[in-house]
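Dropping upload31.cif in here (mmCIF, C-alpha atoms):
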```
data_my_file
loop_
_atom_site.label_atom_id
_atom_site.label_comp_id
_atom_site.auth_asym_id
_atom_site.auth_seq_id
_atom_site.Cartn_x
_atom_site.Cartn_y
_atom_site.Cartn_z
CA MET D 1 119.14 98.21 71.76
CA SER D 2 120.51 96.19 74.60
CA LEU D 3 121.48 97.23 78.09
CA SER D 4 124.66 96.13 79.76
CA ASP D 5 124.42 93.26 82.22
CA ASP D 6 125.30 95.54 85.14
CA THR D 7 122.57 98.06 84.28
CA LEU D 8 120.00 95.32 83.77
CA ARG D 9 120.97 93.73 87.09
CA LYS D 10 120.52 97.08 88.89
CA ILE D 11 117.09 97.56 87.33
CA LEU D 12 116.01 94.04 88.31
CA VAL D 13 117.22 94.51 91.89
CA GLN D 14 115.35 97.81 92.14
CA ILE D 15 112.11 96.30 90.80
CA GLN D 16 112.42 93.30 93.12
CA ALA D 17 113.04 95.59 96.10
CA THR D 18 109.94 97.60 95.19
CA ALA D 19 107.89 94.42 94.96
CA VAL D 20 109.12 93.11 98.31
CA GLN D 21 108.63 96.46 100.04
CA SER D 22 105.11 96.80 98.60
CA GLN D 23 104.19 93.28 99.69
CA LYS D 24 105.43 93.87 103.26
CA ALA D 25 103.60 97.20 103.53
CA PHE D 26 100.45 95.59 102.11
CA ASN D 27 100.56 92.81 104.72
CA ILE D 28 101.07 95.34 107.52
CA SER D 29 98.14 97.45 106.35
CA GLN D 30 95.93 94.33 106.16
CA GLN D 31 96.84 93.51 109.77
CA GLN D 32 96.07 97.08 110.83
CA ILE D 33 92.70 96.90 109.06
CA SER D 34 91.74 93.70 110.88
CA THR D 35 92.86 95.13 114.24
CA LYS D 36 90.93 98.36 113.80
CA ASP D 37 87.87 96.48 112.55
CA ARG D 38 87.97 94.26 115.65
CA GLU D 39 88.17 97.36 117.87
CA ARG D 40 85.30 98.98 115.98
CA ARG D 41 83.12 95.89 116.44
CA LYS D 42 83.86 95.87 120.21
CA ILE D 43 82.82 99.52 120.47
CA GLU D 44 79.71 98.84 118.40
CA LEU D 45 78.71 96.00 120.75
CA THR D 46 79.35 98.23 123.77
CA ILE D 47 77.12 100.95 122.29
CA ASN D 48 74.37 98.39 121.68
CA GLU D 49 74.64 97.14 125.27
CA LEU D 50 74.45 100.68 126.64
CA GLN D 51 71.34 101.36 124.57
CA SER D 52 69.67 98.21 125.88
CA ILE D 53 70.11 99.33 129.50
CA GLU D 54 67.05 101.24 130.67
CA GLY D 55 66.71 103.80 133.42
CA ASP D 56 69.18 106.08 135.10
CA VAL D 57 72.15 103.79 135.65
CA ASN D 58 75.58 104.94 136.81
CA MET D 59 78.21 104.57 134.06
CA TYR D 60 81.89 104.28 134.86
CA LYS D 61 84.85 104.83 132.57
CA GLY D 62 88.29 103.34 133.21
CA VAL D 63 90.95 106.00 133.69
CA GLY D 64 94.33 104.48 134.42
CA LYS D 65 93.91 102.38 137.54
CA MET D 66 90.62 103.93 138.61
CA PHE D 67 87.08 104.35 137.38
CA MET D 68 85.31 107.67 136.96
CA MET D 69 81.55 108.14 136.91
CA VAL D 70 80.49 109.55 133.54
CA PRO D 71 77.00 110.63 132.37
CA ARG D 72 75.38 108.17 129.98
CA LYS D 73 75.14 110.64 127.08
CA GLU D 74 78.80 111.58 127.40
CA MET D 75 79.82 107.89 127.44
CA GLN D 76 77.72 107.13 124.34
CA GLY D 77 79.06 110.24 122.59
CA GLU D 78 82.66 109.23 123.24
CA LEU D 79 82.04 105.69 122.03
CA LYS D 80 80.33 106.90 118.86
CA ALA D 81 83.22 109.29 118.18
CA GLN D 82 85.72 106.44 118.65
CA GLU D 83 83.68 104.23 116.33
CA LYS D 84 83.58 106.93 113.63
CA GLU D 85 87.33 107.54 113.97
CA LEU D 86 88.06 103.82 113.59
CA ALA D 87 85.74 103.57 110.58
CA ASP D 88 87.57 106.50 108.93
CA ASP D 89 90.93 104.86 109.70
CA ILE D 90 89.73 101.61 108.12
CA VAL D 91 88.63 103.42 104.96
CA SER D 92 92.00 105.17 104.61
CA LEU D 93 93.89 101.92 105.26
CA GLN D 94 91.81 100.15 102.60
CA LYS D 95 92.75 102.86 100.10
CA LYS D 96 96.39 102.48 101.07
CA SER D 97 96.13 98.70 100.67
CA LYS D 98 94.67 99.05 97.19
CA TYR D 99 97.53 101.35 96.20
CA LEU D 100 100.16 98.98 97.62
CA GLU D 101 98.56 95.99 95.91
CA LYS D 102 98.59 97.87 92.59
CA GLN D 103 102.23 98.84 93.13
CA PHE D 104 103.14 95.19 93.84
CA ASN D 105 101.23 93.97 90.77
CA ASP D 106 102.95 96.59 88.59
CA ALA D 107 106.38 95.49 89.82
CA GLN D 108 105.47 91.84 89.14
CA ALA D 109 104.30 92.76 85.64
CA GLN D 110 107.54 94.64 84.96
CA LEU D 111 109.58 91.63 86.03
CA ARG D 112 107.50 89.34 83.81
CA ASP D 113 107.91 91.71 80.85
CA ILE D 114 111.67 91.89 81.35
CA PHE D 115 112.06 88.12 81.51
CA HIS D 116 109.57 87.51 78.69
CA HIS D 117 111.35 89.87 76.31
CA ALA D 118 114.86 88.95 77.39
CA PRO D 119 116.98 87.50 74.57
CA LYS D 120 117.40 83.76 74.85
CA GLN D 121 120.96 82.60 75.02
#
```
Represent the structure contained in this file as structure tokens.
Amino acid sequence: MSLSDDTLRKILVQIQATAVQSQKAFNISQQQISTKDRERRKIELTINELQSIEGDVNMYKGVGKMFMMVPRKEMQGELKAQEKELADDIVSLQKKSKYLEKQFNDAQAQLRDIFHHAPKQ
């Protein structure tokens, strides 16, 4: 059973579009993962620095164009919450990347199957 050239062309265009879209989305999610991981590492280093400081030291947090004095425990709590949020974001982006990579590989496999089984003229 053979499909008309027009139908086959539409199917190929759709599969190629899926592959291209999946590849672009995969690259974007990889960039987002690296950005969020970089931010998480900065926060982790900041937390380590705060823990190494001994005594009752004034802590200041940037708020717009000014700095506000914040208690040490509150500052550490906020940083730990930000770190956890970024870690959760990274995990979800990694899951999304795996899905997009699978979708891209499936589209590539479909294209290979179509061209492999195509009648030779």
- Write out as JSON, numbers by chain which residues come within 10 Å of Val70 of chain D when counting all atoms listed in the file, dropping same-chain ones fewer than 5 positions away. {"D": [58, 59, 60, 61, 62, 75, 76]}
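For the residues D:Gln32, D:Gln14, D:Ser22, D:Asn27, ranking by smallest atom-to-atom distance to Leu86 of chain D using only C-alpha atoms places D:Gln32 first.
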Selection: 12 Å around Gln31 of chain D, all atoms listed in the file, excl. self and same-chain fewer than 5 positions, as a tab-separated table (two decimals) with C-alpha atoms, in the frame of the given file:
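Contents of result31.tsv, as written:
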```tsv
chain	number	residue	atom	x	y	z
D	24	LYS	CA	105.43	93.87	103.26
D	25	ALA	CA	103.60	97.20	103.53
D	26	PHE	CA	100.45	95.59	102.11
D	36	LYS	CA	90.93	98.36	113.80
D	37	ASP	CA	87.87	96.48	112.55
D	38	ARG	CA	87.97	94.26	115.65
D	90	ILE	CA	89.73	101.61	108.12
D	93	LEU	CA	93.89	101.92	105.26
D	94	GLN	CA	91.81	100.15	102.60
D	97	SER	CA	96.13	98.70	100.67
```
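Residues matched by the PyMOL selection byres ((chain D and resi 15) around 12) in this structure: D:Leu8, D:Arg9, D:Lys10, D:Ile11, D:Leu12, D:Val13, D:Gln14, D:Gln16, D:Ala17, D:Thr18, D:Ala19, D:Val20, D:Gln21, D:Ser22, D:Gln103, D:Phe104, D:Asn105, D:Asp106, D:Ala107, D:Gln108, D:Ala109, D:Gln110, D:Leu111, D:Arg112, D:Asp113, D:Ile114.
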Saved selection, atoms kept: C-alpha atoms, as a tab-separated table (two decimals), in the coordinates of the input:
```
chain	number	residue	atom	x	y	z
D	8	LEU	CA	120.00	95.32	83.77
D	9	ARG	CA	120.97	93.73	87.09
D	10	LYS	CA	120.52	97.08	88.89
D	11	ILE	CA	117.09	97.56	87.33
D	12	LEU	CA	116.01	94.04	88.31
D	13	VAL	CA	117.22	94.51	91.89
D	14	GLN	CA	115.35	97.81	92.14
D	16	GLN	CA	112.42	93.30	93.12
D	17	ALA	CA	113.04	95.59	96.10
D	18	THR	CA	109.94	97.60	95.19
D	19	ALA	CA	107.89	94.42	94.96
D	20	VAL	CA	109.12	93.11	98.31
D	21	GLN	CA	108.63	96.46	100.04
D	22	SER	CA	105.11	96.80	98.60
D	103	GLN	CA	102.23	98.84	93.13
D	104	PHE	CA	103.14	95.19	93.84
D	105	ASN	CA	101.23	93.97	90.77
D	106	ASP	CA	102.95	96.59	88.59
D	107	ALA	CA	106.38	95.49	89.82
D	108	GLN	CA	105.47	91.84	89.14
D	109	ALA	CA	104.30	92.76	85.64
D	110	GLN	CA	107.54	94.64	84.96
D	111	LEU	CA	109.58	91.63	86.03
D	112	ARG	CA	107.50	89.34	83.81
D	113	ASP	CA	107.91	91.71	80.85
D	114	ILE	CA	111.67	91.89	81.35
```
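Using only C-alpha atoms for every distance, the candidate list D:Ser34, D:Leu50, D:Lys42, D:Val57 yields D:Ser34 as the residue closest to Val91 of chain D.
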